[in-house]
$ cat data-v5.cif   # mmCIF, N, CA, C and O atoms
data_upload
loop_
_atom_site.label_atom_id
_atom_site.label_comp_id
_atom_site.auth_asym_id
_atom_site.auth_seq_id
_atom_site.Cartn_x
_atom_site.Cartn_y
_atom_site.Cartn_z
N MET A 1 16.67 4.12 -19.69
CA MET A 1 17.48 3.27 -18.85
C MET A 1 16.90 3.18 -17.43
O MET A 1 16.87 2.12 -16.84
N LYS A 2 16.46 4.35 -16.91
CA LYS A 2 15.87 4.36 -15.57
C LYS A 2 14.64 3.46 -15.50
O LYS A 2 14.40 2.80 -14.51
N GLN A 3 13.85 3.46 -16.58
CA GLN A 3 12.63 2.65 -16.60
C GLN A 3 12.97 1.16 -16.56
O GLN A 3 12.29 0.39 -15.89
N ILE A 4 14.03 0.78 -17.25
CA ILE A 4 14.44 -0.63 -17.25
C ILE A 4 14.91 -1.04 -15.86
O ILE A 4 14.54 -2.10 -15.34
N ILE A 5 15.69 -0.18 -15.22
CA ILE A 5 16.18 -0.46 -13.87
C ILE A 5 15.02 -0.54 -12.90
O ILE A 5 14.96 -1.43 -12.05
N THR A 6 14.06 0.38 -13.03
CA THR A 6 12.89 0.36 -12.16
C THR A 6 12.08 -0.92 -12.35
O THR A 6 11.65 -1.54 -11.39
N LEU A 7 11.89 -1.30 -13.61
CA LEU A 7 11.14 -2.51 -13.90
C LEU A 7 11.84 -3.74 -13.33
O LEU A 7 11.21 -4.58 -12.69
N LEU A 8 13.14 -3.84 -13.53
CA LEU A 8 13.90 -4.97 -12.99
C LEU A 8 13.85 -5.00 -11.46
O LEU A 8 13.69 -6.05 -10.86
N GLY A 9 13.96 -3.83 -10.86
CA GLY A 9 13.87 -3.75 -9.39
C GLY A 9 12.51 -4.20 -8.89
O GLY A 9 12.40 -4.91 -7.89
N SER A 10 11.45 -3.81 -9.59
CA SER A 10 10.10 -4.22 -9.20
C SER A 10 9.93 -5.73 -9.32
O SER A 10 9.31 -6.36 -8.47
N LEU A 11 10.47 -6.30 -10.38
CA LEU A 11 10.37 -7.74 -10.56
C LEU A 11 11.13 -8.50 -9.48
O LEU A 11 10.66 -9.52 -8.98
N VAL A 12 12.28 -7.99 -9.11
CA VAL A 12 13.06 -8.62 -8.04
C VAL A 12 12.29 -8.55 -6.73
O VAL A 12 12.17 -9.53 -6.00
N LEU A 13 11.74 -7.38 -6.43
CA LEU A 13 10.98 -7.22 -5.18
C LEU A 13 9.71 -8.06 -5.20
O LEU A 13 9.28 -8.56 -4.16
N ALA A 14 9.11 -8.24 -6.35
CA ALA A 14 7.88 -9.04 -6.44
C ALA A 14 8.13 -10.47 -6.00
O ALA A 14 7.26 -11.10 -5.40
N GLY A 15 9.30 -10.97 -6.24
CA GLY A 15 9.63 -12.32 -5.81
C GLY A 15 9.94 -12.42 -4.34
O GLY A 15 9.96 -13.49 -3.76
N CYS A 16 10.18 -11.29 -3.68
CA CYS A 16 10.58 -11.28 -2.27
C CYS A 16 9.41 -11.10 -1.31
O CYS A 16 9.58 -11.26 -0.12
N VAL A 17 8.26 -10.72 -1.80
CA VAL A 17 7.16 -10.37 -0.91
C VAL A 17 6.03 -11.37 -1.03
O VAL A 17 5.51 -11.60 -2.11
N ASN A 18 5.68 -11.97 0.06
CA ASN A 18 4.49 -12.78 0.13
C ASN A 18 3.39 -11.86 0.64
O ASN A 18 3.45 -11.40 1.78
N PRO A 19 2.37 -11.55 -0.17
CA PRO A 19 1.38 -10.57 0.26
C PRO A 19 0.64 -10.97 1.53
O PRO A 19 0.06 -10.14 2.20
N TYR A 20 0.67 -12.24 1.88
CA TYR A 20 -0.03 -12.67 3.08
C TYR A 20 0.84 -12.56 4.33
O TYR A 20 0.36 -12.74 5.42
N ALA A 21 2.14 -12.31 4.18
CA ALA A 21 3.04 -12.27 5.32
C ALA A 21 3.67 -10.91 5.56
O ALA A 21 4.49 -10.77 6.46
N TYR A 22 3.32 -9.89 4.78
CA TYR A 22 3.99 -8.61 4.92
C TYR A 22 3.79 -7.99 6.30
O TYR A 22 4.66 -7.30 6.80
N ARG A 23 2.65 -8.25 6.95
CA ARG A 23 2.41 -7.68 8.28
C ARG A 23 3.42 -8.18 9.30
O ARG A 23 3.80 -7.46 10.20
N GLU A 24 3.84 -9.43 9.16
CA GLU A 24 4.80 -10.00 10.10
C GLU A 24 6.24 -9.65 9.73
O GLU A 24 7.11 -9.63 10.58
N GLU A 25 6.50 -9.40 8.45
CA GLU A 25 7.87 -9.21 7.98
C GLU A 25 8.29 -7.76 7.85
O GLU A 25 9.47 -7.47 7.74
N GLN A 26 7.35 -6.83 7.85
CA GLN A 26 7.67 -5.42 7.65
C GLN A 26 7.11 -4.57 8.79
O GLN A 26 6.18 -4.97 9.46
N THR A 27 7.69 -3.39 8.94
CA THR A 27 7.17 -2.44 9.92
C THR A 27 6.24 -1.46 9.20
O THR A 27 6.37 -1.24 8.00
N VAL A 28 5.34 -0.89 9.95
CA VAL A 28 4.42 0.10 9.41
C VAL A 28 5.22 1.36 9.11
O VAL A 28 5.90 1.90 9.98
N GLN A 29 5.16 1.82 7.86
CA GLN A 29 5.89 3.03 7.44
C GLN A 29 5.12 4.30 7.80
O GLN A 29 5.73 5.32 8.09
N ALA A 30 3.80 4.24 7.76
CA ALA A 30 2.95 5.38 8.09
C ALA A 30 1.59 4.84 8.53
O ALA A 30 1.14 3.81 8.04
N SER A 31 0.96 5.55 9.45
CA SER A 31 -0.34 5.13 9.96
C SER A 31 -1.25 6.35 10.06
O SER A 31 -0.81 7.43 10.48
N PHE A 32 -2.50 6.18 9.66
CA PHE A 32 -3.46 7.28 9.63
C PHE A 32 -4.80 6.80 10.19
O PHE A 32 -5.08 5.61 10.18
N THR A 33 -5.61 7.74 10.66
CA THR A 33 -6.97 7.40 11.10
C THR A 33 -7.95 8.34 10.42
O THR A 33 -7.61 9.45 10.01
N THR A 34 -9.18 7.84 10.29
CA THR A 34 -10.25 8.63 9.70
C THR A 34 -11.57 8.16 10.30
O THR A 34 -11.65 7.08 10.87
N LYS A 35 -12.59 8.96 10.14
CA LYS A 35 -13.93 8.58 10.60
C LYS A 35 -14.74 7.95 9.46
O LYS A 35 -15.86 7.53 9.66
N LYS A 36 -14.16 7.89 8.26
CA LYS A 36 -14.84 7.27 7.13
C LYS A 36 -14.88 5.76 7.30
O LYS A 36 -14.09 5.18 8.03
N GLY A 37 -15.78 5.10 6.60
CA GLY A 37 -15.95 3.65 6.71
C GLY A 37 -14.77 2.87 6.14
O GLY A 37 -14.03 3.36 5.28
N VAL A 38 -14.61 1.65 6.62
CA VAL A 38 -13.49 0.81 6.23
C VAL A 38 -13.54 0.45 4.74
O VAL A 38 -12.56 0.64 4.01
N GLU A 39 -14.67 -0.08 4.27
CA GLU A 39 -14.76 -0.50 2.87
C GLU A 39 -14.65 0.68 1.91
O GLU A 39 -13.99 0.57 0.87
N GLY A 40 -15.27 1.79 2.24
CA GLY A 40 -15.18 2.98 1.38
C GLY A 40 -13.76 3.52 1.31
O GLY A 40 -13.30 3.95 0.25
N THR A 41 -13.06 3.47 2.44
CA THR A 41 -11.67 3.93 2.46
C THR A 41 -10.78 3.01 1.62
O THR A 41 -9.93 3.48 0.87
N GLN A 42 -11.00 1.71 1.73
CA GLN A 42 -10.24 0.77 0.91
C GLN A 42 -10.47 1.05 -0.58
O GLN A 42 -9.51 1.09 -1.36
N GLN A 43 -11.71 1.23 -0.99
CA GLN A 43 -12.01 1.48 -2.40
C GLN A 43 -11.40 2.79 -2.88
O GLN A 43 -10.91 2.89 -4.00
N CYS A 44 -11.41 3.80 -2.02
CA CYS A 44 -10.82 5.09 -2.36
C CYS A 44 -9.31 4.94 -2.58
O CYS A 44 -8.76 5.46 -3.55
N ILE A 45 -8.62 4.23 -1.69
CA ILE A 45 -7.17 4.01 -1.83
C ILE A 45 -6.88 3.21 -3.09
O ILE A 45 -5.95 3.54 -3.84
N LEU A 46 -7.68 2.18 -3.35
CA LEU A 46 -7.50 1.38 -4.56
C LEU A 46 -7.58 2.27 -5.80
O LEU A 46 -6.72 2.22 -6.68
N THR A 47 -8.59 3.12 -5.86
CA THR A 47 -8.76 4.02 -7.00
C THR A 47 -7.61 5.02 -7.10
O THR A 47 -7.08 5.25 -8.19
N ALA A 48 -7.20 5.59 -5.97
CA ALA A 48 -6.10 6.56 -5.97
C ALA A 48 -4.81 5.92 -6.46
O ALA A 48 -4.06 6.51 -7.24
N TRP A 49 -4.52 4.71 -6.00
CA TRP A 49 -3.30 4.01 -6.41
C TRP A 49 -3.38 3.60 -7.88
O TRP A 49 -2.37 3.59 -8.58
N GLN A 50 -4.56 3.24 -8.38
CA GLN A 50 -4.70 2.84 -9.77
C GLN A 50 -4.48 4.02 -10.72
O GLN A 50 -4.06 3.83 -11.86
N ARG A 51 -4.74 5.23 -10.26
CA ARG A 51 -4.47 6.42 -11.08
C ARG A 51 -2.98 6.63 -11.28
O ARG A 51 -2.56 7.27 -12.22
N VAL A 52 -2.15 6.10 -10.34
CA VAL A 52 -0.69 6.21 -10.41
C VAL A 52 -0.13 4.80 -10.22
O VAL A 52 0.34 4.44 -9.14
N PRO A 53 -0.15 3.95 -11.27
CA PRO A 53 0.17 2.53 -11.10
C PRO A 53 1.63 2.21 -10.76
O PRO A 53 1.91 1.17 -10.20
N LEU A 54 2.60 3.03 -11.10
CA LEU A 54 4.01 2.81 -10.76
C LEU A 54 4.53 1.43 -11.18
O LEU A 54 5.24 0.76 -10.44
N LEU A 55 4.15 0.99 -12.36
CA LEU A 55 4.65 -0.24 -12.98
C LEU A 55 4.28 -1.52 -12.25
O LEU A 55 4.93 -2.54 -12.42
N THR A 56 3.26 -1.50 -11.42
CA THR A 56 2.85 -2.72 -10.71
C THR A 56 1.35 -2.90 -10.80
O THR A 56 0.60 -1.93 -10.91
N ALA A 57 0.93 -4.13 -10.71
CA ALA A 57 -0.51 -4.43 -10.64
C ALA A 57 -1.01 -4.09 -9.24
O ALA A 57 -0.29 -4.24 -8.25
N ILE A 58 -2.23 -3.61 -9.16
CA ILE A 58 -2.81 -3.19 -7.89
C ILE A 58 -4.11 -3.95 -7.69
O ILE A 58 -4.94 -4.04 -8.60
N SER A 59 -4.28 -4.52 -6.49
CA SER A 59 -5.50 -5.29 -6.23
C SER A 59 -5.98 -5.03 -4.80
O SER A 59 -5.23 -4.56 -3.96
N ALA A 60 -7.23 -5.36 -4.58
CA ALA A 60 -7.83 -5.25 -3.25
C ALA A 60 -8.17 -6.65 -2.77
O ALA A 60 -8.49 -7.53 -3.56
N GLN A 61 -8.10 -6.85 -1.47
CA GLN A 61 -8.49 -8.13 -0.90
C GLN A 61 -8.99 -7.91 0.53
O GLN A 61 -8.65 -6.92 1.16
N LYS A 62 -9.79 -8.84 1.00
CA LYS A 62 -10.24 -8.84 2.39
C LYS A 62 -9.76 -10.13 3.02
O LYS A 62 -10.04 -11.21 2.53
N THR A 63 -9.02 -10.00 4.12
CA THR A 63 -8.52 -11.15 4.86
C THR A 63 -8.80 -10.89 6.33
O THR A 63 -8.19 -9.99 6.93
N GLY A 64 -9.72 -11.63 6.91
CA GLY A 64 -10.06 -11.40 8.31
C GLY A 64 -10.61 -10.00 8.50
O GLY A 64 -11.53 -9.58 7.81
N ARG A 65 -10.03 -9.26 9.41
CA ARG A 65 -10.50 -7.89 9.67
C ARG A 65 -9.82 -6.85 8.79
O ARG A 65 -10.09 -5.66 8.88
N TYR A 66 -8.91 -7.29 7.93
CA TYR A 66 -8.13 -6.38 7.08
C TYR A 66 -8.76 -6.23 5.70
O TYR A 66 -9.00 -7.20 5.00
N TYR A 67 -8.97 -4.99 5.29
CA TYR A 67 -9.34 -4.65 3.93
C TYR A 67 -8.07 -4.06 3.34
O TYR A 67 -7.67 -2.95 3.71
N SER A 68 -7.40 -4.80 2.48
CA SER A 68 -6.07 -4.42 2.03
C SER A 68 -6.06 -3.99 0.57
O SER A 68 -6.86 -4.43 -0.24
N VAL A 69 -5.10 -3.12 0.26
CA VAL A 69 -4.78 -2.74 -1.11
C VAL A 69 -3.32 -3.14 -1.30
O VAL A 69 -2.45 -2.73 -0.54
N LEU A 70 -3.07 -3.99 -2.30
CA LEU A 70 -1.74 -4.54 -2.52
C LEU A 70 -1.19 -4.11 -3.88
O LEU A 70 -1.87 -4.22 -4.89
N ALA A 71 0.03 -3.62 -3.85
CA ALA A 71 0.75 -3.25 -5.07
C ALA A 71 2.22 -3.42 -4.76
O ALA A 71 2.84 -2.56 -4.17
N ILE A 72 2.76 -4.56 -5.10
CA ILE A 72 4.14 -4.88 -4.75
C ILE A 72 5.02 -3.77 -5.26
O ILE A 72 4.95 -3.45 -6.44
N PRO A 73 5.78 -3.11 -4.47
CA PRO A 73 6.23 -3.42 -3.12
C PRO A 73 5.49 -2.66 -2.02
O PRO A 73 6.04 -2.45 -0.94
N ASP A 74 4.25 -2.24 -2.26
CA ASP A 74 3.49 -1.47 -1.28
C ASP A 74 2.24 -2.22 -0.85
O ASP A 74 1.70 -3.01 -1.61
N ALA A 75 1.79 -1.91 0.36
CA ALA A 75 0.53 -2.47 0.86
C ALA A 75 -0.09 -1.48 1.84
O ALA A 75 0.62 -0.79 2.57
N ALA A 76 -1.41 -1.42 1.82
CA ALA A 76 -2.15 -0.61 2.79
C ALA A 76 -3.22 -1.49 3.41
O ALA A 76 -3.98 -2.13 2.70
N ASP A 77 -3.24 -1.53 4.73
CA ASP A 77 -4.28 -2.24 5.46
C ASP A 77 -5.26 -1.22 6.02
O ASP A 77 -4.86 -0.25 6.65
N VAL A 78 -6.53 -1.46 5.78
CA VAL A 78 -7.59 -0.61 6.33
C VAL A 78 -8.39 -1.49 7.28
O VAL A 78 -8.82 -2.58 6.93
N LEU A 79 -8.55 -1.03 8.53
CA LEU A 79 -9.25 -1.84 9.51
C LEU A 79 -9.99 -0.97 10.52
O LEU A 79 -9.65 0.20 10.71
N ASP A 80 -11.01 -1.55 11.12
CA ASP A 80 -11.76 -0.88 12.17
C ASP A 80 -11.02 -1.08 13.48
O ASP A 80 -10.70 -2.21 13.87
N GLU A 81 -10.74 0.02 14.16
CA GLU A 81 -10.03 -0.03 15.43
C GLU A 81 -10.78 0.84 16.43
O GLU A 81 -10.68 2.06 16.40
N SER A 82 -11.55 0.20 17.28
CA SER A 82 -12.33 0.90 18.30
C SER A 82 -13.24 1.98 17.71
O SER A 82 -13.30 3.10 18.21
N GLY A 83 -13.94 1.64 16.63
CA GLY A 83 -14.89 2.57 16.04
C GLY A 83 -14.27 3.60 15.11
O GLY A 83 -14.97 4.43 14.56
N GLN A 84 -12.98 3.57 14.94
CA GLN A 84 -12.28 4.47 14.04
C GLN A 84 -11.62 3.64 12.95
O GLN A 84 -11.23 2.49 13.19
N THR A 85 -11.49 4.19 11.77
CA THR A 85 -10.82 3.48 10.68
C THR A 85 -9.34 3.82 10.69
O THR A 85 -8.97 4.98 10.68
N ARG A 86 -8.50 2.79 10.73
CA ARG A 86 -7.05 2.95 10.72
C ARG A 86 -6.51 2.45 9.39
O ARG A 86 -6.94 1.42 8.88
N VAL A 87 -5.56 3.19 8.83
CA VAL A 87 -4.87 2.78 7.61
C VAL A 87 -3.39 2.65 7.95
O VAL A 87 -2.75 3.61 8.40
N ASN A 88 -2.85 1.45 7.78
CA ASN A 88 -1.41 1.20 7.98
C ASN A 88 -0.79 0.99 6.61
O ASN A 88 -1.26 0.18 5.82
N TYR A 89 0.30 1.72 6.35
CA TYR A 89 0.99 1.63 5.06
C TYR A 89 2.33 0.93 5.26
O TYR A 89 3.10 1.26 6.15
N TYR A 90 2.59 -0.06 4.41
CA TYR A 90 3.84 -0.82 4.41
C TYR A 90 4.52 -0.63 3.06
O TYR A 90 3.85 -0.55 2.03
N SER A 91 5.85 -0.59 3.06
CA SER A 91 6.57 -0.45 1.81
C SER A 91 7.95 -1.07 1.88
O SER A 91 8.62 -1.01 2.91
N LEU A 92 8.35 -1.67 0.78
CA LEU A 92 9.72 -2.18 0.65
C LEU A 92 10.60 -1.19 -0.12
O LEU A 92 11.74 -1.49 -0.40
N ARG A 93 10.05 -0.04 -0.48
CA ARG A 93 10.83 0.94 -1.22
C ARG A 93 11.91 1.50 -0.31
O ARG A 93 11.65 1.95 0.79
N GLY A 94 13.11 1.50 -0.79
CA GLY A 94 14.24 2.00 -0.01
C GLY A 94 14.75 3.31 -0.57
O GLY A 94 14.03 4.08 -1.20
N ALA A 95 16.03 3.54 -0.40
CA ALA A 95 16.66 4.78 -0.83
C ALA A 95 16.69 4.90 -2.36
O ALA A 95 16.80 6.00 -2.88
N LEU A 96 16.57 3.79 -3.08
CA LEU A 96 16.61 3.83 -4.54
C LEU A 96 15.21 3.91 -5.15
O LEU A 96 14.94 3.31 -6.18
N ASP A 97 14.34 4.65 -4.53
CA ASP A 97 12.97 4.81 -5.00
C ASP A 97 12.95 5.89 -6.08
O ASP A 97 12.59 7.04 -5.83
N VAL A 98 13.35 5.53 -7.30
CA VAL A 98 13.49 6.50 -8.38
C VAL A 98 12.17 7.07 -8.86
O VAL A 98 12.14 8.12 -9.50
N THR A 99 11.06 6.43 -8.56
CA THR A 99 9.75 6.94 -8.98
C THR A 99 9.05 7.74 -7.88
O THR A 99 7.93 8.19 -8.09
N ASN A 100 9.71 7.93 -6.74
CA ASN A 100 9.07 8.57 -5.58
C ASN A 100 7.76 7.88 -5.22
O ASN A 100 6.78 8.50 -4.83
N GLY A 101 7.76 6.57 -5.37
CA GLY A 101 6.56 5.78 -5.16
C GLY A 101 6.01 5.87 -3.75
O GLY A 101 4.79 5.91 -3.55
N LYS A 102 6.89 5.90 -2.76
CA LYS A 102 6.43 5.96 -1.38
C LYS A 102 5.63 7.24 -1.14
O LYS A 102 4.54 7.21 -0.58
N GLU A 103 6.16 8.37 -1.61
CA GLU A 103 5.44 9.64 -1.46
C GLU A 103 4.11 9.61 -2.21
O GLU A 103 3.10 10.12 -1.71
N LYS A 104 4.11 9.02 -3.40
CA LYS A 104 2.88 8.96 -4.20
C LYS A 104 1.84 8.06 -3.54
O LYS A 104 0.64 8.37 -3.55
N ARG A 105 2.26 6.93 -2.97
CA ARG A 105 1.32 6.03 -2.29
C ARG A 105 0.74 6.71 -1.06
O ARG A 105 -0.45 6.62 -0.79
N ILE A 106 1.58 7.37 -0.28
CA ILE A 106 1.10 8.07 0.93
C ILE A 106 0.15 9.20 0.54
O ILE A 106 -0.88 9.40 1.20
N ALA A 107 0.46 9.92 -0.53
CA ALA A 107 -0.44 10.98 -0.99
C ALA A 107 -1.80 10.41 -1.39
O ALA A 107 -2.84 11.00 -1.10
N GLY A 108 -1.80 9.23 -2.02
CA GLY A 108 -3.05 8.57 -2.38
C GLY A 108 -3.87 8.22 -1.15
O GLY A 108 -5.08 8.39 -1.12
N ILE A 109 -3.20 7.72 -0.11
CA ILE A 109 -3.89 7.40 1.14
C ILE A 109 -4.46 8.66 1.78
O ILE A 109 -5.63 8.71 2.17
N LYS A 110 -3.64 9.71 1.85
CA LYS A 110 -4.09 10.97 2.48
C LYS A 110 -5.29 11.57 1.76
O LYS A 110 -6.14 12.21 2.40
N SER A 111 -5.39 11.37 0.45
CA SER A 111 -6.52 11.92 -0.29
C SER A 111 -7.84 11.23 0.07
O SER A 111 -8.92 11.73 -0.26
N CYS A 112 -7.75 10.11 0.77
CA CYS A 112 -8.95 9.33 1.14
C CYS A 112 -9.34 9.47 2.60
O CYS A 112 -10.29 8.83 3.05
N LEU A 113 -8.63 10.26 3.35
CA LEU A 113 -8.91 10.37 4.80
C LEU A 113 -10.00 11.35 5.11
O LEU A 113 -10.31 12.25 4.48
#

$ encode --input "data-v5.cif" --output "structure tokens"
Amino acid sequence: MKQIITLLGSLVLAGCVNPYAYREEQTVQASFTTKKGVEGTQQCILTAWQRVPLLTAISAQKTGRYYSVLAIPDAADVLDESGQTRVNYYSLRGALDVTNGKEKRIAGIKSCL
């Protein structure tokens, strides 16, 4: 039953998020810096998130200066900021995060820093 509710919740959220507008519509949930390269960090996060898919498709994209990893309802932007790599994590997961997805996504990001 929990899986059905989670799946339905994911489908509802998928219709609410425009992956190109999440930066303007959401606040950064967590932010990290590293000395590793931008593209390598993006690929590492993509791989880490793919190991724990949480019922959503996961993809990478480059838009302007952002190297992003998208998995509705989560997104991570990796960008160069004054010679340092910054990772900004966005999420629509609220109090009903039955899969602990937010913690798992953040753990995936931390494993790449």

$ atom_distance --input "data-v5.cif" --atom1 "CA of Ala48 in chain A" --atom2 "atom C of Leu96 in chain A"
21.5 Å

$ closest_residue --input "data-v5.cif" --among "A:Leu55, A:Asn88, A:Val78, A:Leu113" --to "Ala30 in chain A" --atoms "only C-alpha atoms"
A:Asn88

$ atom_distance --input "data-v5.cif" --atom1 "CA of Cys44 in chain A" --atom2 "CA of Leu70 in chain A"
13.2 Å

$ select_by_dssp --input "data-v5.cif" --residues "chain A" --states "helix (DSSP H, G or I)" --output "PyMOL selection string"
chain A and resi 2-16+22-25+38-51+101-110

$ residues_around --input "data-v5.cif" --residues "Ser59 in chain A" --least-positions-apart "3" --cutoff "10 Å" --atoms "only C-alpha atoms" --output "PyMOL selection string"
chain A and resi 46-47+49-50+56+68-72+75

$ write_last_selection --input "data-v5.cif" --atoms "N, CA, C and O atoms" --output "PDB file, in the frame of the given file"
ATOM      1  N   LEU A  46      -7.680   2.180  -3.350  1.00  0.00           N
ATOM      2  CA  LEU A  46      -7.500   1.380  -4.560  1.00  0.00           C
ATOM      3  C   LEU A  46      -7.580   2.270  -5.800  1.00  0.00           C
ATOM      4  O   LEU A  46      -6.720   2.220  -6.680  1.00  0.00           O
ATOM      5  N   THR A  47      -8.590   3.120  -5.860  1.00  0.00           N
ATOM      6  CA  THR A  47      -8.760   4.020  -7.000  1.00  0.00           C
ATOM      7  C   THR A  47      -7.610   5.020  -7.100  1.00  0.00           C
ATOM      8  O   THR A  47      -7.080   5.250  -8.190  1.00  0.00           O
ATOM      9  N   TRP A  49      -4.520   4.710  -6.000  1.00  0.00           N
ATOM     10  CA  TRP A  49      -3.300   4.010  -6.410  1.00  0.00           C
ATOM     11  C   TRP A  49      -3.380   3.600  -7.880  1.00  0.00           C
ATOM     12  O   TRP A  49      -2.370   3.590  -8.580  1.00  0.00           O
ATOM     13  N   GLN A  50      -4.560   3.240  -8.380  1.00  0.00           N
ATOM     14  CA  GLN A  50      -4.700   2.840  -9.770  1.00  0.00           C
ATOM     15  C   GLN A  50      -4.480   4.020 -10.720  1.00  0.00           C
ATOM     16  O   GLN A  50      -4.060   3.830 -11.860  1.00  0.00           O
ATOM     17  N   THR A  56       3.260  -1.500 -11.420  1.00  0.00           N
ATOM     18  CA  THR A  56       2.850  -2.720 -10.710  1.00  0.00           C
ATOM     19  C   THR A  56       1.350  -2.900 -10.800  1.00  0.00           C
ATOM     20  O   THR A  56       0.600  -1.930 -10.910  1.00  0.00           O
ATOM     21  N   SER A  68      -7.400  -4.800   2.480  1.00  0.00           N
ATOM     22  CA  SER A  68      -6.070  -4.420   2.030  1.00  0.00           C
ATOM     23  C   SER A  68      -6.060  -3.990   0.570  1.00  0.00           C
ATOM     24  O   SER A  68      -6.860  -4.430  -0.240  1.00  0.00           O
ATOM     25  N   VAL A  69      -5.100  -3.120   0.260  1.00  0.00           N
ATOM     26  CA  VAL A  69      -4.780  -2.740  -1.110  1.00  0.00           C
ATOM     27  C   VAL A  69      -3.320  -3.140  -1.300  1.00  0.00           C
ATOM     28  O   VAL A  69      -2.450  -2.730  -0.540  1.00  0.00           O
ATOM     29  N   LEU A  70      -3.070  -3.990  -2.300  1.00  0.00           N
ATOM     30  CA  LEU A  70      -1.740  -4.540  -2.520  1.00  0.00           C
ATOM     31  C   LEU A  70      -1.190  -4.110  -3.880  1.00  0.00           C
ATOM     32  O   LEU A  70      -1.870  -4.220  -4.890  1.00  0.00           O
ATOM     33  N   ALA A  71       0.030  -3.620  -3.850  1.00  0.00           N
ATOM     34  CA  ALA A  71       0.750  -3.250  -5.070  1.00  0.00           C
ATOM     35  C   ALA A  71       2.220  -3.420  -4.760  1.00  0.00           C
ATOM     36  O   ALA A  71       2.840  -2.560  -4.170  1.00  0.00           O
ATOM     37  N   ILE A  72       2.760  -4.560  -5.100  1.00  0.00           N
ATOM     38  CA  ILE A  72       4.140  -4.880  -4.750  1.00  0.00           C
ATOM     39  C   ILE A  72       5.020  -3.770  -5.260  1.00  0.00           C
ATOM     40  O   ILE A  72       4.950  -3.450  -6.440  1.00  0.00           O
ATOM     41  N   ALA A  75       1.790  -1.910   0.360  1.00  0.00           N
ATOM     42  CA  ALA A  75       0.530  -2.470   0.860  1.00  0.00           C
ATOM     43  C   ALA A  75      -0.090  -1.480   1.840  1.00  0.00           C
ATOM     44  O   ALA A  75       0.620  -0.790   2.570  1.00  0.00           O
TER      45      ALA A  75
END

$ closest_residue --input "data-v5.cif" --among "A:Val98, A:Ala76, A:Ala107, A:Cys112" --to "Gln61 in chain A" --atoms "only C-alpha atoms"
A:Ala76

$ atom_distance --input "data-v5.cif" --atom1 "atom O of Arg23 in chain A" --atom2 "CA of Tyr90 in chain A"
8.8 Å

$ select_by_dssp --input "data-v5.cif" --residues "chain A" --states "strand (DSSP E)" --output "ChimeraX atom specification"
/A:30-34,59-63,66-71,74-81,84-91

$ resolve_selection --input "data-v5.cif" --expression "the PyMOL selection byres (((chain A and resi 67 and name CA) around 10) and name CA)" --output "MDAnalysis selection string"
chainID A and resid 38:43 60:66 68:70 76:80 87

$ residues_around --input "data-v5.cif" --residues "Thr34 in chain A" --least-positions-apart "3" --cutoff "8 Å" --atoms "only C-alpha atoms" --output "list in words"
Gln84, Thr85, Arg86 and Leu113 of chain A

$ closest_residue --input "data-v5.cif" --among "A:Glu24, A:Lys35, A:Glu81, A:Asp74" --to "Lys102 in chain A" --atoms "only N, CA, C and O atoms"
A:Asp74

$ closest_residue --input "data-v5.cif" --among "A:Ile58, A:Ile45, A:Leu92, A:Pro53" --to "Thr27 in chain A" --atoms "only C-alpha atoms"
A:Leu92
